[in-house]
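To keep things clear, I will list the structure first and then write my remarks on it.
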Amino acid sequence: MTSPADELLYEGEQQCVMHIHPTLKITIDGEPYLIPTGIGHQGSLIQPLHTHDGSGIIHVESLCVRDYTLGEFFDMWGQTFTAACIFSSCVDETHTLKMSVNGAESAAYRDLVLKDDDVIEIVYEET
């Protein structure tokens with residue numbers, strides 16, 4: 001399996017065969033977390049998993065058709081995400097971490113395969 005870092009594409013010259021747009025929403029202690037603009041952009045190069053703005057839309061644009069996971073997006077972003085932690089916020093006796101996809105609870109976490117139009121919500125909160 002190829003990793004997103006191995007699939008750098010030149011901006012504006014892409015011949016993508018896969019192009020989907022899941023949305024990621026993160027809430028930490030009741031506050032929405034803004035997904036940064038430009039994740040996956042490296043100068044004139046762009047990775048298959050990237051953002052263009054702060055909307056939370058993950059652009060999956062690839063020269064090959066394959067399953068891309070939420071864990072790959074977080075790895076490329078350089079952020080921690082597991083079933084127990086989001087960034088530096090980890091589950092403890094007073095906090096929970098839950099994830100849902102299109103309103104249904106999911107235990108896939110890092111293994112979640114990104115699909116077009118899915119809305120992925122990650123919520124870290126006090127119990």
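A note on labels: chains of the structure tokens are A, B, ... as shown, every chain counts residues from 1, and ligands are counted from 1 in their shown order.
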
Env of A:Ile58: 12 Å cut, atoms = only C-alpha atoms, seq-sep filter 2 positions within chain, self excluded. Answer as a VMD selection string.
chain A and resid 19 to 25 35 to 40 47 to 56 60 to 61 68 to 70 72 to 74 77 114 to 120

If you run DSSP over the backbone, which residues in chain A end up helix (DSSP H, G or I)? Put them as a compact mmCIF listing (two decimals) with all heavy atoms, in the first residue's frame.
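Writing the result to out-v5.txt gives the following:
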# COMPACT_ATOMS: atom_id res chain seq x y z
N PRO A 4 0.11 8.40 1.62
CA PRO A 4 -0.15 9.69 0.97
C PRO A 4 1.12 10.47 0.69
O PRO A 4 1.22 11.15 -0.32
CB PRO A 4 -1.04 10.41 1.97
CG PRO A 4 -1.74 9.33 2.70
CD PRO A 4 -0.71 8.21 2.79
N ALA A 5 2.13 10.38 1.56
CA ALA A 5 3.36 11.12 1.35
C ALA A 5 4.09 10.65 0.09
O ALA A 5 4.87 11.40 -0.50
CB ALA A 5 4.27 10.99 2.56
N ASP A 6 3.84 9.42 -0.34
CA ASP A 6 4.48 8.89 -1.54
C ASP A 6 3.73 9.26 -2.82
O ASP A 6 4.16 8.92 -3.91
CB ASP A 6 4.58 7.36 -1.47
CG ASP A 6 5.50 6.90 -0.36
OD1 ASP A 6 6.44 7.65 -0.03
OD2 ASP A 6 5.26 5.81 0.16
N LEU A 70 -8.88 7.85 7.90
CA LEU A 70 -8.80 9.04 8.75
C LEU A 70 -7.46 9.09 9.46
O LEU A 70 -6.88 10.16 9.63
CB LEU A 70 -9.96 9.03 9.75
CG LEU A 70 -10.15 10.27 10.60
CD1 LEU A 70 -10.34 11.52 9.74
CD2 LEU A 70 -11.34 10.09 11.54
N GLY A 71 -6.93 7.94 9.84
CA GLY A 71 -5.61 7.90 10.48
C GLY A 71 -4.52 8.44 9.57
O GLY A 71 -3.62 9.15 10.03
N GLU A 72 -4.59 8.14 8.29
CA GLU A 72 -3.60 8.68 7.34
C GLU A 72 -3.68 10.20 7.28
O GLU A 72 -2.66 10.88 7.19
CB GLU A 72 -3.84 8.11 5.94
CG GLU A 72 -3.44 6.66 5.81
CD GLU A 72 -3.72 6.15 4.42
OE1 GLU A 72 -4.90 6.05 4.04
OE2 GLU A 72 -2.74 5.85 3.71
N PHE A 73 -4.91 10.74 7.33
CA PHE A 73 -5.06 12.19 7.31
C PHE A 73 -4.41 12.81 8.54
O PHE A 73 -3.65 13.77 8.44
CB PHE A 73 -6.55 12.58 7.24
CG PHE A 73 -6.75 14.07 7.27
CD1 PHE A 73 -6.46 14.86 6.18
CD2 PHE A 73 -7.24 14.68 8.42
CE1 PHE A 73 -6.63 16.24 6.22
CE2 PHE A 73 -7.43 16.06 8.47
CZ PHE A 73 -7.12 16.84 7.36
N PHE A 74 -4.67 12.25 9.73
CA PHE A 74 -4.06 12.78 10.95
C PHE A 74 -2.54 12.63 10.93
O PHE A 74 -1.82 13.53 11.37
CB PHE A 74 -4.67 12.12 12.19
CG PHE A 74 -5.92 12.80 12.67
CD1 PHE A 74 -7.16 12.42 12.18
CD2 PHE A 74 -5.87 13.83 13.59
CE1 PHE A 74 -8.32 13.04 12.61
CE2 PHE A 74 -7.02 14.46 14.03
CZ PHE A 74 -8.25 14.08 13.54
N ASP A 75 -2.03 11.52 10.42
CA ASP A 75 -0.58 11.33 10.33
C ASP A 75 0.04 12.39 9.43
O ASP A 75 1.07 12.98 9.77
CB ASP A 75 -0.24 9.94 9.80
CG ASP A 75 -0.56 8.83 10.79
OD1 ASP A 75 -0.80 9.12 11.98
OD2 ASP A 75 -0.56 7.65 10.35
N MET A 76 -0.57 12.61 8.28
CA MET A 76 -0.04 13.60 7.35
C MET A 76 -0.10 15.00 7.96
O MET A 76 0.80 15.80 7.77
CB MET A 76 -0.85 13.54 6.05
CG MET A 76 -0.26 14.36 4.94
SD MET A 76 -1.52 14.85 3.80
CE MET A 76 -2.79 15.44 4.86
N TRP A 77 -1.16 15.27 8.72
CA TRP A 77 -1.35 16.54 9.41
C TRP A 77 -0.34 16.69 10.56
O TRP A 77 -0.04 17.80 11.00
CB TRP A 77 -2.79 16.60 9.91
CG TRP A 77 -3.26 17.82 10.58
CD1 TRP A 77 -2.63 19.04 10.70
CD2 TRP A 77 -4.52 17.99 11.25
NE1 TRP A 77 -3.41 19.93 11.41
CE2 TRP A 77 -4.57 19.31 11.75
CE3 TRP A 77 -5.60 17.15 11.47
CZ2 TRP A 77 -5.66 19.80 12.46
CZ3 TRP A 77 -6.68 17.64 12.17
CH2 TRP A 77 -6.71 18.95 12.65
N TYR A 109 -12.37 4.86 14.31
CA TYR A 109 -11.32 5.83 14.62
C TYR A 109 -10.31 5.92 13.48
O TYR A 109 -10.67 6.27 12.37
CB TYR A 109 -10.68 5.55 15.98
CG TYR A 109 -11.66 5.76 17.10
CD1 TYR A 109 -12.39 4.70 17.65
CD2 TYR A 109 -11.91 7.04 17.59
CE1 TYR A 109 -13.31 4.90 18.66
CE2 TYR A 109 -12.85 7.26 18.61
CZ TYR A 109 -13.54 6.18 19.14
OH TYR A 109 -14.46 6.38 20.11
N ARG A 110 -9.05 5.58 13.71
CA ARG A 110 -8.01 5.74 12.70
C ARG A 110 -8.26 4.90 11.45
O ARG A 110 -7.81 5.24 10.37
CB ARG A 110 -6.64 5.35 13.28
CG ARG A 110 -6.13 6.29 14.35
CD ARG A 110 -4.75 5.90 14.82
NE ARG A 110 -3.81 5.78 13.70
CZ ARG A 110 -3.20 6.81 13.12
NH1 ARG A 110 -3.44 8.04 13.53
NH2 ARG A 110 -2.36 6.61 12.13
N ASP A 111 -8.96 3.78 11.61
CA ASP A 111 -9.19 2.87 10.50
C ASP A 111 -10.38 3.26 9.62
O ASP A 111 -10.66 2.56 8.64
CB ASP A 111 -9.39 1.44 11.01
CG ASP A 111 -8.13 0.90 11.67
OD1 ASP A 111 -7.02 1.28 11.27
OD2 ASP A 111 -8.27 0.08 12.61

Got a sec: who's within 9 Å of stretch 87-102 of chain A, counting only C-alpha atoms, leaving out chain neighbours fewer than 2 positions off, as a count of residues only?
25

Tell me, which residues of stretch 11-52 of chain A carry DSSP strand (DSSP E or B), written as a PDB file with all heavy atoms, in the first residue's frame?
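Result went into selection.pdb, see below:
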ATOM      1  N   MET A  18      -9.589   9.579  -8.632  1.00  0.00           N
ATOM      2  CA  MET A  18     -10.390   9.521  -7.411  1.00  0.00           C
ATOM      3  C   MET A  18     -10.497  10.927  -6.857  1.00  0.00           C
ATOM      4  O   MET A  18      -9.488  11.618  -6.699  1.00  0.00           O
ATOM      5  CB  MET A  18      -9.728   8.598  -6.384  1.00  0.00           C
ATOM      6  CG  MET A  18     -10.505   8.457  -5.099  1.00  0.00           C
ATOM      7  SD  MET A  18      -9.674   7.264  -4.015  1.00  0.00           S
ATOM      8  CE  MET A  18     -10.886   7.155  -2.720  1.00  0.00           C
ATOM      9  N   HIS A  19     -11.728  11.364  -6.570  1.00  0.00           N
ATOM     10  CA  HIS A  19     -11.945  12.726  -6.069  1.00  0.00           C
ATOM     11  C   HIS A  19     -13.188  12.710  -5.198  1.00  0.00           C
ATOM     12  O   HIS A  19     -14.306  12.705  -5.710  1.00  0.00           O
ATOM     13  CB  HIS A  19     -12.108  13.685  -7.248  1.00  0.00           C
ATOM     14  CG  HIS A  19     -12.019  15.124  -6.859  1.00  0.00           C
ATOM     15  ND1 HIS A  19     -12.000  16.130  -7.783  1.00  0.00           N
ATOM     16  CD2 HIS A  19     -11.964  15.734  -5.657  1.00  0.00           C
ATOM     17  CE1 HIS A  19     -11.932  17.292  -7.174  1.00  0.00           C
ATOM     18  NE2 HIS A  19     -11.914  17.082  -5.864  1.00  0.00           N
ATOM     19  N   ILE A  20     -12.987  12.660  -3.869  1.00  0.00           N
ATOM     20  CA  ILE A  20     -14.106  12.623  -2.931  1.00  0.00           C
ATOM     21  C   ILE A  20     -13.919  13.685  -1.858  1.00  0.00           C
ATOM     22  O   ILE A  20     -12.817  14.236  -1.701  1.00  0.00           O
ATOM     23  CB  ILE A  20     -14.272  11.228  -2.280  1.00  0.00           C
ATOM     24  CG1 ILE A  20     -13.053  10.855  -1.445  1.00  0.00           C
ATOM     25  CG2 ILE A  20     -14.557  10.177  -3.354  1.00  0.00           C
ATOM     26  CD1 ILE A  20     -13.230   9.592  -0.616  1.00  0.00           C
ATOM     27  N   THR A  23     -16.294  15.321   5.265  1.00  0.00           N
ATOM     28  CA  THR A  23     -16.169  16.492   6.134  1.00  0.00           C
ATOM     29  C   THR A  23     -15.820  16.036   7.538  1.00  0.00           C
ATOM     30  O   THR A  23     -16.421  15.104   8.068  1.00  0.00           O
ATOM     31  CB  THR A  23     -17.486  17.291   6.163  1.00  0.00           C
ATOM     32  OG1 THR A  23     -17.778  17.739   4.830  1.00  0.00           O
ATOM     33  CG2 THR A  23     -17.386  18.493   7.079  1.00  0.00           C
ATOM     34  N   LEU A  24     -14.847  16.707   8.144  1.00  0.00           N
ATOM     35  CA  LEU A  24     -14.405  16.402   9.500  1.00  0.00           C
ATOM     36  C   LEU A  24     -14.785  17.544  10.426  1.00  0.00           C
ATOM     37  O   LEU A  24     -14.466  18.710  10.152  1.00  0.00           O
ATOM     38  CB  LEU A  24     -12.884  16.195   9.519  1.00  0.00           C
ATOM     39  CG  LEU A  24     -12.239  15.938  10.876  1.00  0.00           C
ATOM     40  CD1 LEU A  24     -12.794  14.664  11.513  1.00  0.00           C
ATOM     41  CD2 LEU A  24     -10.725  15.864  10.731  1.00  0.00           C
ATOM     42  N   LYS A  25     -15.467  17.191  11.517  1.00  0.00           N
ATOM     43  CA  LYS A  25     -15.822  18.165  12.557  1.00  0.00           C
ATOM     44  C   LYS A  25     -15.254  17.669  13.874  1.00  0.00           C
ATOM     45  O   LYS A  25     -15.462  16.510  14.240  1.00  0.00           O
ATOM     46  CB  LYS A  25     -17.339  18.314  12.670  1.00  0.00           C
ATOM     47  CG  LYS A  25     -17.998  18.851  11.427  1.00  0.00           C
ATOM     48  CD  LYS A  25     -19.499  18.945  11.613  1.00  0.00           C
ATOM     49  CE  LYS A  25     -20.158  19.505  10.363  1.00  0.00           C
ATOM     50  NZ  LYS A  25     -21.613  19.655  10.550  1.00  0.00           N
ATOM     51  N   ILE A  26     -14.527  18.542  14.566  1.00  0.00           N
ATOM     52  CA  ILE A  26     -13.934  18.190  15.854  1.00  0.00           C
ATOM     53  C   ILE A  26     -14.433  19.173  16.900  1.00  0.00           C
ATOM     54  O   ILE A  26     -14.409  20.392  16.675  1.00  0.00           O
ATOM     55  CB  ILE A  26     -12.395  18.232  15.783  1.00  0.00           C
ATOM     56  CG1 ILE A  26     -11.876  17.233  14.737  1.00  0.00           C
ATOM     57  CG2 ILE A  26     -11.781  17.962  17.160  1.00  0.00           C
ATOM     58  CD1 ILE A  26     -10.386  17.345  14.455  1.00  0.00           C
ATOM     59  N   THR A  27     -14.889  18.645  18.037  1.00  0.00           N
ATOM     60  CA  THR A  27     -15.316  19.482  19.157  1.00  0.00           C
ATOM     61  C   THR A  27     -14.543  19.033  20.386  1.00  0.00           C
ATOM     62  O   THR A  27     -14.514  17.845  20.709  1.00  0.00           O
ATOM     63  CB  THR A  27     -16.832  19.337  19.415  1.00  0.00           C
ATOM     64  OG1 THR A  27     -17.534  19.658  18.207  1.00  0.00           O
ATOM     65  CG2 THR A  27     -17.292  20.266  20.530  1.00  0.00           C
ATOM     66  N   ILE A  28     -13.902  19.989  21.045  1.00  0.00           N
ATOM     67  CA  ILE A  28     -13.146  19.698  22.254  1.00  0.00           C
ATOM     68  C   ILE A  28     -13.706  20.550  23.385  1.00  0.00           C
ATOM     69  O   ILE A  28     -13.702  21.788  23.301  1.00  0.00           O
ATOM     70  CB  ILE A  28     -11.640  19.963  22.048  1.00  0.00           C
ATOM     71  CG1 ILE A  28     -11.112  19.035  20.944  1.00  0.00           C
ATOM     72  CG2 ILE A  28     -10.873  19.775  23.361  1.00  0.00           C
ATOM     73  CD1 ILE A  28      -9.670  19.193  20.601  1.00  0.00           C
ATOM     74  N   GLU A  31     -16.144  23.257  22.387  1.00  0.00           N
ATOM     75  CA  GLU A  31     -15.679  24.268  21.435  1.00  0.00           C
ATOM     76  C   GLU A  31     -15.308  23.628  20.097  1.00  0.00           C
ATOM     77  O   GLU A  31     -14.509  22.691  20.064  1.00  0.00           O
ATOM     78  CB  GLU A  31     -14.454  25.010  21.979  1.00  0.00           C
ATOM     79  CG  GLU A  31     -14.728  25.825  23.224  1.00  0.00           C
ATOM     80  CD  GLU A  31     -15.683  26.974  22.960  1.00  0.00           C
ATOM     81  OE1 GLU A  31     -15.576  27.618  21.899  1.00  0.00           O
ATOM     82  OE2 GLU A  31     -16.545  27.224  23.825  1.00  0.00           O
ATOM     83  N   PRO A  32     -15.870  24.139  18.996  1.00  0.00           N
ATOM     84  CA  PRO A  32     -15.486  23.608  17.683  1.00  0.00           C
ATOM     85  C   PRO A  32     -14.007  23.904  17.415  1.00  0.00           C
ATOM     86  O   PRO A  32     -13.512  24.976  17.753  1.00  0.00           O
ATOM     87  CB  PRO A  32     -16.367  24.363  16.694  1.00  0.00           C
ATOM     88  CG  PRO A  32     -17.283  25.217  17.488  1.00  0.00           C
ATOM     89  CD  PRO A  32     -16.853  25.198  18.916  1.00  0.00           C
ATOM     90  N   TYR A  33     -13.319  22.932  16.825  1.00  0.00           N
ATOM     91  CA  TYR A  33     -11.911  23.084  16.481  1.00  0.00           C
ATOM     92  C   TYR A  33     -11.825  23.345  14.978  1.00  0.00           C
ATOM     93  O   TYR A  33     -12.347  22.556  14.181  1.00  0.00           O
ATOM     94  CB  TYR A  33     -11.139  21.812  16.844  1.00  0.00           C
ATOM     95  CG  TYR A  33      -9.662  21.927  16.593  1.00  0.00           C
ATOM     96  CD1 TYR A  33      -8.807  22.385  17.584  1.00  0.00           C
ATOM     97  CD2 TYR A  33      -9.123  21.595  15.360  1.00  0.00           C
ATOM     98  CE1 TYR A  33      -7.451  22.504  17.362  1.00  0.00           C
ATOM     99  CE2 TYR A  33      -7.766  21.710  15.116  1.00  0.00           C
ATOM    100  CZ  TYR A  33      -6.932  22.168  16.126  1.00  0.00           C
ATOM    101  OH  TYR A  33      -5.589  22.287  15.886  1.00  0.00           O
ATOM    102  N   HIS A  41      -0.442  20.580   1.716  1.00  0.00           N
ATOM    103  CA  HIS A  41       0.183  21.403   0.670  1.00  0.00           C
ATOM    104  C   HIS A  41       1.651  21.601   1.035  1.00  0.00           C
ATOM    105  O   HIS A  41       1.968  21.959   2.165  1.00  0.00           O
ATOM    106  CB  HIS A  41      -0.497  22.764   0.563  1.00  0.00           C
ATOM    107  CG  HIS A  41      -1.886  22.693   0.052  1.00  0.00           C
ATOM    108  ND1 HIS A  41      -2.222  23.039  -1.232  1.00  0.00           N
ATOM    109  CD2 HIS A  41      -3.048  22.316   0.649  1.00  0.00           C
ATOM    110  CE1 HIS A  41      -3.523  22.880  -1.409  1.00  0.00           C
ATOM    111  NE2 HIS A  41      -4.042  22.442  -0.271  1.00  0.00           N
ATOM    112  N   GLN A  42       2.536  21.357   0.097  1.00  0.00           N
ATOM    113  CA  GLN A  42       3.968  21.547   0.300  1.00  0.00           C
ATOM    114  C   GLN A  42       4.511  22.346  -0.870  1.00  0.00           C
ATOM    115  O   GLN A  42       4.931  21.778  -1.870  1.00  0.00           O
ATOM    116  CB  GLN A  42       4.676  20.202   0.405  1.00  0.00           C
ATOM    117  CG  GLN A  42       4.205  19.375   1.569  1.00  0.00           C
ATOM    118  CD  GLN A  42       4.816  17.987   1.575  1.00  0.00           C
ATOM    119  OE1 GLN A  42       5.526  17.591   0.657  1.00  0.00           O
ATOM    120  NE2 GLN A  42       4.530  17.245   2.614  1.00  0.00           N
ATOM    121  N   LEU A  45       3.519  21.430  -4.440  1.00  0.00           N
ATOM    122  CA  LEU A  45       3.051  20.046  -4.427  1.00  0.00           C
ATOM    123  C   LEU A  45       1.862  19.894  -3.493  1.00  0.00           C
ATOM    124  O   LEU A  45       1.730  20.618  -2.512  1.00  0.00           O
ATOM    125  CB  LEU A  45       4.168  19.101  -3.974  1.00  0.00           C
ATOM    126  CG  LEU A  45       5.415  19.072  -4.840  1.00  0.00           C
ATOM    127  CD1 LEU A  45       6.465  18.176  -4.216  1.00  0.00           C
ATOM    128  CD2 LEU A  45       5.098  18.611  -6.252  1.00  0.00           C
ATOM    129  N   ILE A  46       1.025  18.930  -3.810  1.00  0.00           N
ATOM    130  CA  ILE A  46      -0.143  18.666  -2.987  1.00  0.00           C
ATOM    131  C   ILE A  46      -0.265  17.167  -2.775  1.00  0.00           C
ATOM    132  O   ILE A  46      -0.007  16.382  -3.692  1.00  0.00           O
ATOM    133  CB  ILE A  46      -1.415  19.254  -3.646  1.00  0.00           C
ATOM    134  CG1 ILE A  46      -2.595  19.202  -2.721  1.00  0.00           C
ATOM    135  CG2 ILE A  46      -1.715  18.586  -4.956  1.00  0.00           C
ATOM    136  CD1 ILE A  46      -3.786  20.001  -3.227  1.00  0.00           C
ATOM    137  N   LEU A  49      -4.479  13.659   0.326  1.00  0.00           N
ATOM    138  CA  LEU A  49      -5.354  14.081   1.416  1.00  0.00           C
ATOM    139  C   LEU A  49      -4.962  15.507   1.784  1.00  0.00           C
ATOM    140  O   LEU A  49      -3.836  15.738   2.232  1.00  0.00           O
ATOM    141  CB  LEU A  49      -5.179  13.164   2.632  1.00  0.00           C
ATOM    142  CG  LEU A  49      -5.429  11.682   2.405  1.00  0.00           C
ATOM    143  CD1 LEU A  49      -5.102  10.893   3.666  1.00  0.00           C
ATOM    144  CD2 LEU A  49      -6.856  11.431   1.987  1.00  0.00           C
ATOM    145  N   HIS A  50      -5.878  16.447   1.594  1.00  0.00           N
ATOM    146  CA  HIS A  50      -5.521  17.838   1.857  1.00  0.00           C
ATOM    147  C   HIS A  50      -6.761  18.688   2.132  1.00  0.00           C
ATOM    148  O   HIS A  50      -7.886  18.237   1.919  1.00  0.00           O
ATOM    149  CB  HIS A  50      -4.725  18.422   0.687  1.00  0.00           C
ATOM    150  CG  HIS A  50      -5.450  18.409  -0.619  1.00  0.00           C
ATOM    151  ND1 HIS A  50      -5.442  17.317  -1.459  1.00  0.00           N
ATOM    152  CD2 HIS A  50      -6.231  19.344  -1.223  1.00  0.00           C
ATOM    153  CE1 HIS A  50      -6.170  17.586  -2.541  1.00  0.00           C
ATOM    154  NE2 HIS A  50      -6.669  18.809  -2.412  1.00  0.00           N
TER     155      HIS A  50
END

Tell me, in Å to one decimal, how far atom CA of A:Leu112 is from atom CA of A:Val65.
16.2 Å
